[in-house]
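Encoded as structure tokens, the structure appears first; notes follow it.
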Amino acid sequence: MKKVLITGGVGFVGSSLANRLLQNYIVYIIDDLSMGNVNNLNKSKNIYFVQGSVTDKNLMTKLIKENNFEYIFHLAAIASVADSVERPLDTHKVNFDSVLMLLELCREYQKNLKRLVFSSSAAVYGDEETLPKKEESVIRPLTPYAIDKFSAEQYVLDYYSLYGIPTSAVRFFNVYGPNQNSSSPYSGVISIIVDNFKKIKEGKIAHFTIYGDGEQSRDFVYIEDVLDALIIVATSDNSLGTQYNVGTGTGTTLNCLIDTVSSILKINLPIIYEESRAGDIKESLADITKLGKIGFNPKFDIVTGMNDYLKAKFQ
């Protein structure tokens, strides 16, 4: 069987991707366990787990030099925007330096690689107000996290045009689904909301605080659609040297999101509304036309996605 490498492979997206691919590939995973959990992985003889950091040059050199990978998905990152503001140098090592090092190692040792897919973020667009966000929209990164993601993304794509390394990049919008850790600083708003619903179901006291009127909207994309997008981008000849938005093309307000979960679970979650916070982005919405041209069509809207998610969460 052919080999795939997933960095950050026991995190939310990485473990979900590993579990999808292990039927057809030997999946190598590197993760420092700073936020991920090996229990997210299905038990399989096709999974090889390496505990360590993507910033460890000796470890990464050994891994890339000794294995011929068909695909590499670089998902490892310090994903907290607030953390990047507090620790920009540490964040830069993981979110940028590790990417450039991996590209150089692939240039030297990976002669049969079909694709390296880098996970970027919708954060690169910043507070630019034009909607929906197209890949060619104005880029206005406002934090060290966003700056590193955009810079690394450009290196990834340029390594295709300059050196012929087969690369692509994806800009994730708001991903949600099972195995997302609601207690971590990296978690999305959906996992936090669902965790509060679960507390109420267990007879505990819980509430959720909304800053503003709750009409701020996001493009929430279910994990199964994200995995489809990653595989489509990795296997399409037309995606070489190109970046893609990964979303649904539909915005959902926080009020609508909470009402949807409440309707499915038949539980009411107390909401506390407070003043909007400076710097919060009111709306974010992906234009996925470009991704659609290579075969992507989201299967889950917010209702079907939440139904699937809640079945897994409350089983």
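Order determines the names: the first chain of the structure tokens is A, the second B, and so forth; residues in each chain are numbered 1 upward, and ligands are numbered 1 upward as they are shown.
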
> Got a sec to tell me which of region 95-257 of chain A DSSP assigns to alpha helix (DSSP H), as number ranges by chain?
Replying inline: A: 98-109, 144-163, 189-201, 223-235, 254-257

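Look at region 116-128 of chain A: the protein and nucleic acid residues within 7 Å of it, using only C-alpha atoms and passing over chain neighbours fewer than 2 places away, are Tyr71, Ile72, Phe73, His74, Leu75, Thr130, Val138, Ile139, Arg140, Pro141, Leu142, Ala146, Ile147, Lys149, Phe150, Glu153, Pro166, Thr167, Ser168, Ala169, Val170, Arg171, Phe172, Phe173, Ala234 and Ile281 of chain A.
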
Residues from the last selection, N, CA and C atoms, saved as a PDB file, in the first residue's frame:
ATOM      1  N   TYR A  71       1.154  11.321  -0.866  1.00  0.00           N
ATOM      2  CA  TYR A  71       0.531  12.596  -0.514  1.00  0.00           C
ATOM      3  C   TYR A  71       1.019  13.038   0.855  1.00  0.00           C
ATOM      4  N   ILE A  72       1.173  14.354   1.024  1.00  0.00           N
ATOM      5  CA  ILE A  72       1.482  14.942   2.322  1.00  0.00           C
ATOM      6  C   ILE A  72       0.445  16.022   2.597  1.00  0.00           C
ATOM      7  N   PHE A  73      -0.198  15.937   3.760  1.00  0.00           N
ATOM      8  CA  PHE A  73      -1.154  16.959   4.192  1.00  0.00           C
ATOM      9  C   PHE A  73      -0.546  17.657   5.404  1.00  0.00           C
ATOM     10  N   HIS A  74      -0.172  18.924   5.230  1.00  0.00           N
ATOM     11  CA  HIS A  74       0.473  19.660   6.320  1.00  0.00           C
ATOM     12  C   HIS A  74      -0.602  20.437   7.077  1.00  0.00           C
ATOM     13  N   LEU A  75      -1.077  19.822   8.177  1.00  0.00           N
ATOM     14  CA  LEU A  75      -2.152  20.403   8.980  1.00  0.00           C
ATOM     15  C   LEU A  75      -1.658  20.915  10.329  1.00  0.00           C
ATOM     16  N   THR A 130     -15.576  43.073   1.642  1.00  0.00           N
ATOM     17  CA  THR A 130     -16.236  42.533   0.457  1.00  0.00           C
ATOM     18  C   THR A 130     -16.603  41.065   0.662  1.00  0.00           C
ATOM     19  N   VAL A 138      -8.953  40.904  -1.611  1.00  0.00           N
ATOM     20  CA  VAL A 138      -7.895  41.617  -0.899  1.00  0.00           C
ATOM     21  C   VAL A 138      -7.475  40.810   0.328  1.00  0.00           C
ATOM     22  N   ILE A 139      -6.180  40.650   0.509  1.00  0.00           N
ATOM     23  CA  ILE A 139      -5.631  39.946   1.667  1.00  0.00           C
ATOM     24  C   ILE A 139      -5.212  40.988   2.692  1.00  0.00           C
ATOM     25  N   ARG A 140      -5.723  40.826   3.934  1.00  0.00           N
ATOM     26  CA  ARG A 140      -5.405  41.812   4.964  1.00  0.00           C
ATOM     27  C   ARG A 140      -5.191  41.094   6.304  1.00  0.00           C
ATOM     28  N   PRO A 141      -4.121  40.314   6.421  1.00  0.00           N
ATOM     29  CA  PRO A 141      -3.888  39.568   7.663  1.00  0.00           C
ATOM     30  C   PRO A 141      -3.631  40.509   8.831  1.00  0.00           C
ATOM     31  N   LEU A 142      -4.338  40.285   9.944  1.00  0.00           N
ATOM     32  CA  LEU A 142      -4.302  41.222  11.063  1.00  0.00           C
ATOM     33  C   LEU A 142      -3.561  40.705  12.285  1.00  0.00           C
ATOM     34  N   ALA A 146      -2.428  34.920  11.067  1.00  0.00           N
ATOM     35  CA  ALA A 146      -2.862  35.139   9.695  1.00  0.00           C
ATOM     36  C   ALA A 146      -1.687  35.474   8.779  1.00  0.00           C
ATOM     37  N   ILE A 147      -0.746  36.254   9.291  1.00  0.00           N
ATOM     38  CA  ILE A 147       0.439  36.610   8.499  1.00  0.00           C
ATOM     39  C   ILE A 147       1.242  35.359   8.158  1.00  0.00           C
ATOM     40  N   LYS A 149       0.190  32.238   8.078  1.00  0.00           N
ATOM     41  CA  LYS A 149      -0.570  31.362   7.189  1.00  0.00           C
ATOM     42  C   LYS A 149      -0.465  31.838   5.736  1.00  0.00           C
ATOM     43  N   PHE A 150      -0.606  33.125   5.530  1.00  0.00           N
ATOM     44  CA  PHE A 150      -0.544  33.633   4.163  1.00  0.00           C
ATOM     45  C   PHE A 150       0.869  33.517   3.596  1.00  0.00           C
ATOM     46  N   GLU A 153       1.587  29.915   2.828  1.00  0.00           N
ATOM     47  CA  GLU A 153       0.778  29.529   1.664  1.00  0.00           C
ATOM     48  C   GLU A 153       1.454  29.970   0.370  1.00  0.00           C
ATOM     49  N   PRO A 166       4.878  19.422  -6.443  1.00  0.00           N
ATOM     50  CA  PRO A 166       3.419  19.451  -6.634  1.00  0.00           C
ATOM     51  C   PRO A 166       2.698  19.887  -5.359  1.00  0.00           C
ATOM     52  N   THR A 167       2.241  21.113  -5.351  1.00  0.00           N
ATOM     53  CA  THR A 167       1.637  21.677  -4.141  1.00  0.00           C
ATOM     54  C   THR A 167       0.272  22.296  -4.429  1.00  0.00           C
ATOM     55  N   SER A 168      -0.522  22.382  -3.368  1.00  0.00           N
ATOM     56  CA  SER A 168      -1.796  23.103  -3.375  1.00  0.00           C
ATOM     57  C   SER A 168      -2.027  23.623  -1.963  1.00  0.00           C
ATOM     58  N   ALA A 169      -2.949  24.573  -1.830  1.00  0.00           N
ATOM     59  CA  ALA A 169      -3.287  25.100  -0.506  1.00  0.00           C
ATOM     60  C   ALA A 169      -4.792  25.245  -0.373  1.00  0.00           C
ATOM     61  N   VAL A 170      -5.273  25.090   0.845  1.00  0.00           N
ATOM     62  CA  VAL A 170      -6.702  25.277   1.123  1.00  0.00           C
ATOM     63  C   VAL A 170      -6.861  26.299   2.237  1.00  0.00           C
ATOM     64  N   ARG A 171      -7.851  27.163   2.095  1.00  0.00           N
ATOM     65  CA  ARG A 171      -8.165  28.142   3.133  1.00  0.00           C
ATOM     66  C   ARG A 171      -9.457  27.703   3.818  1.00  0.00           C
ATOM     67  N   PHE A 172      -9.305  27.132   5.019  1.00  0.00           N
ATOM     68  CA  PHE A 172     -10.467  26.659   5.756  1.00  0.00           C
ATOM     69  C   PHE A 172     -11.275  27.839   6.294  1.00  0.00           C
ATOM     70  N   PHE A 173     -12.591  27.729   6.168  1.00  0.00           N
ATOM     71  CA  PHE A 173     -13.474  28.644   6.881  1.00  0.00           C
ATOM     72  C   PHE A 173     -13.807  27.984   8.231  1.00  0.00           C
ATOM     73  N   ALA A 234      -6.155  17.364  -3.536  1.00  0.00           N
ATOM     74  CA  ALA A 234      -4.930  16.564  -3.602  1.00  0.00           C
ATOM     75  C   ALA A 234      -4.828  15.749  -4.881  1.00  0.00           C
ATOM     76  N   ILE A 281     -14.989  40.315  13.590  1.00  0.00           N
ATOM     77  CA  ILE A 281     -15.464  40.403  12.214  1.00  0.00           C
ATOM     78  C   ILE A 281     -16.943  40.053  12.171  1.00  0.00           C
TER      79      ILE A 281
END

>> Among region 79-180 of chain A, which residues does DSSP mark as strand (DSSP E) when it is run on the backbone? Keep the chain and numbering as in the structure and answer as a PyMOL selection string.
In response: chain A and resi 115-121+167-172+174-176

Mind writing the picked residues with N, CA, C and O atoms as a PDB file, in the first residue's frame?
ATOM      1  N   ARG A 115       1.334  15.082  -4.334  1.00  0.00           N
ATOM      2  CA  ARG A 115       0.824  16.376  -3.882  1.00  0.00           C
ATOM      3  C   ARG A 115       1.156  16.628  -2.420  1.00  0.00           C
ATOM      4  O   ARG A 115       1.074  15.730  -1.584  1.00  0.00           O
ATOM      5  N   LEU A 116       1.530  17.864  -2.141  1.00  0.00           N
ATOM      6  CA  LEU A 116       1.596  18.386  -0.785  1.00  0.00           C
ATOM      7  C   LEU A 116       0.483  19.419  -0.663  1.00  0.00           C
ATOM      8  O   LEU A 116       0.448  20.389  -1.421  1.00  0.00           O
ATOM      9  N   VAL A 117      -0.438  19.197   0.279  1.00  0.00           N
ATOM     10  CA  VAL A 117      -1.554  20.116   0.491  1.00  0.00           C
ATOM     11  C   VAL A 117      -1.335  20.840   1.813  1.00  0.00           C
ATOM     12  O   VAL A 117      -1.189  20.202   2.865  1.00  0.00           O
ATOM     13  N   PHE A 118      -1.302  22.162   1.757  1.00  0.00           N
ATOM     14  CA  PHE A 118      -1.085  22.984   2.948  1.00  0.00           C
ATOM     15  C   PHE A 118      -2.408  23.590   3.413  1.00  0.00           C
ATOM     16  O   PHE A 118      -3.184  24.123   2.615  1.00  0.00           O
ATOM     17  N   SER A 119      -2.649  23.508   4.726  1.00  0.00           N
ATOM     18  CA  SER A 119      -3.883  24.073   5.276  1.00  0.00           C
ATOM     19  C   SER A 119      -3.659  25.510   5.717  1.00  0.00           C
ATOM     20  O   SER A 119      -2.985  25.779   6.711  1.00  0.00           O
ATOM     21  N   SER A 120      -4.224  26.425   4.958  1.00  0.00           N
ATOM     22  CA  SER A 120      -4.211  27.838   5.301  1.00  0.00           C
ATOM     23  C   SER A 120      -5.544  28.178   5.975  1.00  0.00           C
ATOM     24  O   SER A 120      -6.236  27.285   6.473  1.00  0.00           O
ATOM     25  N   SER A 121      -5.913  29.429   5.988  1.00  0.00           N
ATOM     26  CA  SER A 121      -7.081  29.839   6.764  1.00  0.00           C
ATOM     27  C   SER A 121      -7.763  31.052   6.150  1.00  0.00           C
ATOM     28  O   SER A 121      -7.109  31.897   5.527  1.00  0.00           O
ATOM     29  N   THR A 167       2.241  21.113  -5.351  1.00  0.00           N
ATOM     30  CA  THR A 167       1.637  21.677  -4.141  1.00  0.00           C
ATOM     31  C   THR A 167       0.272  22.296  -4.429  1.00  0.00           C
ATOM     32  O   THR A 167      -0.029  22.695  -5.555  1.00  0.00           O
ATOM     33  N   SER A 168      -0.522  22.382  -3.368  1.00  0.00           N
ATOM     34  CA  SER A 168      -1.796  23.103  -3.375  1.00  0.00           C
ATOM     35  C   SER A 168      -2.027  23.623  -1.963  1.00  0.00           C
ATOM     36  O   SER A 168      -1.392  23.174  -1.015  1.00  0.00           O
ATOM     37  N   ALA A 169      -2.949  24.573  -1.830  1.00  0.00           N
ATOM     38  CA  ALA A 169      -3.287  25.100  -0.506  1.00  0.00           C
ATOM     39  C   ALA A 169      -4.792  25.245  -0.373  1.00  0.00           C
ATOM     40  O   ALA A 169      -5.490  25.485  -1.366  1.00  0.00           O
ATOM     41  N   VAL A 170      -5.273  25.090   0.845  1.00  0.00           N
ATOM     42  CA  VAL A 170      -6.702  25.277   1.123  1.00  0.00           C
ATOM     43  C   VAL A 170      -6.861  26.299   2.237  1.00  0.00           C
ATOM     44  O   VAL A 170      -6.090  26.305   3.200  1.00  0.00           O
ATOM     45  N   ARG A 171      -7.851  27.163   2.095  1.00  0.00           N
ATOM     46  CA  ARG A 171      -8.165  28.142   3.133  1.00  0.00           C
ATOM     47  C   ARG A 171      -9.457  27.703   3.818  1.00  0.00           C
ATOM     48  O   ARG A 171     -10.556  27.858   3.274  1.00  0.00           O
ATOM     49  N   PHE A 172      -9.305  27.132   5.019  1.00  0.00           N
ATOM     50  CA  PHE A 172     -10.467  26.659   5.756  1.00  0.00           C
ATOM     51  C   PHE A 172     -11.275  27.839   6.294  1.00  0.00           C
ATOM     52  O   PHE A 172     -10.715  28.787   6.849  1.00  0.00           O
ATOM     53  N   ASN A 174     -15.012  28.014   8.726  1.00  0.00           N
ATOM     54  CA  ASN A 174     -15.286  27.536  10.089  1.00  0.00           C
ATOM     55  C   ASN A 174     -15.661  26.063  10.085  1.00  0.00           C
ATOM     56  O   ASN A 174     -16.822  25.703   9.861  1.00  0.00           O
ATOM     57  N   VAL A 175     -14.678  25.222  10.349  1.00  0.00           N
ATOM     58  CA  VAL A 175     -14.862  23.771  10.305  1.00  0.00           C
ATOM     59  C   VAL A 175     -15.433  23.280  11.638  1.00  0.00           C
ATOM     60  O   VAL A 175     -15.015  23.733  12.705  1.00  0.00           O
ATOM     61  N   TYR A 176     -16.365  22.342  11.561  1.00  0.00           N
ATOM     62  CA  TYR A 176     -16.915  21.748  12.790  1.00  0.00           C
ATOM     63  C   TYR A 176     -17.203  20.274  12.575  1.00  0.00           C
ATOM     64  O   TYR A 176     -17.281  19.800  11.438  1.00  0.00           O
TER      65      TYR A 176
END

>> Which residues are near Gly52 (chain A)? Cut-off 7 Å, only C-alpha atoms, ignore same chain within fewer than 2 positions. Put them as a ChimeraX atom specification.
In response: /A:30-32,50,54

Those residues with N, CA and C atoms, as a PDB file, in the first residue's frame please?
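Printed below is result-v4.pdb as written:
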ATOM      1  N   ILE A  30       2.559  12.571  12.300  1.00  0.00           N
ATOM      2  CA  ILE A  30       3.445  13.210  13.268  1.00  0.00           C
ATOM      3  C   ILE A  30       2.654  14.268  14.019  1.00  0.00           C
ATOM      4  N   ASP A  31       2.768  14.246  15.339  1.00  0.00           N
ATOM      5  CA  ASP A  31       2.022  15.179  16.181  1.00  0.00           C
ATOM      6  C   ASP A  31       2.728  15.263  17.529  1.00  0.00           C
ATOM      7  N   ASP A  32       2.806  16.465  18.094  1.00  0.00           N
ATOM      8  CA  ASP A  32       3.481  16.616  19.387  1.00  0.00           C
ATOM      9  C   ASP A  32       2.528  16.463  20.570  1.00  0.00           C
ATOM     10  N   VAL A  50       4.082   8.961  14.959  1.00  0.00           N
ATOM     11  CA  VAL A  50       5.368   9.487  15.410  1.00  0.00           C
ATOM     12  C   VAL A  50       5.099  10.679  16.313  1.00  0.00           C
ATOM     13  N   VAL A  54       6.869  19.159  14.282  1.00  0.00           N
ATOM     14  CA  VAL A  54       7.223  19.425  12.884  1.00  0.00           C
ATOM     15  C   VAL A  54       8.363  20.427  12.779  1.00  0.00           C
TER      16      VAL A  54
END

>> I want to know what sits within 12 Å of Tyr273 (chain A), based on only C-alpha atoms, with residues of the same chain fewer than 2 positions away left out; could you give that as a PyMOL selection string?
In response: chain A and resi 207-215+254-255+270-271+275-277

> Quick one: of A:Val226, A:Val13, A:Leu131, A:Ile6, who's nearest to Glu70 (chain A), counting only C-alpha atoms?
Replying inline: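 That would be A:Ile6, the residue with the smallest distance to Glu70 (chain A).
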
> What does the distance between CA of Asp148 (chain A) and CA of Ile193 (chain A) come to in Å, to one decimal place?
Replying inline: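 That distance, rounded to one decimal, is 28.6 Å.
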
>> As an exercise, work out the distance from CA of Met306 (chain A) to CA of Ile264 (chain A) in Å and give it to one decimal place.
In response: 8.3 Å

> For Leu285 (chain A), which residue out of A:Asp97, A:Asp219, A:Glu224, A:Asp195 is the nearest one, using only C-alpha atoms?
Replying inline: A:Asp219

> Of the residues A:Met1, A:Ile192, A:Ala76, A:Val27, which is the one nearest to Lys43 (chain A), using only C-alpha atoms?
Replying inline: A:Val27
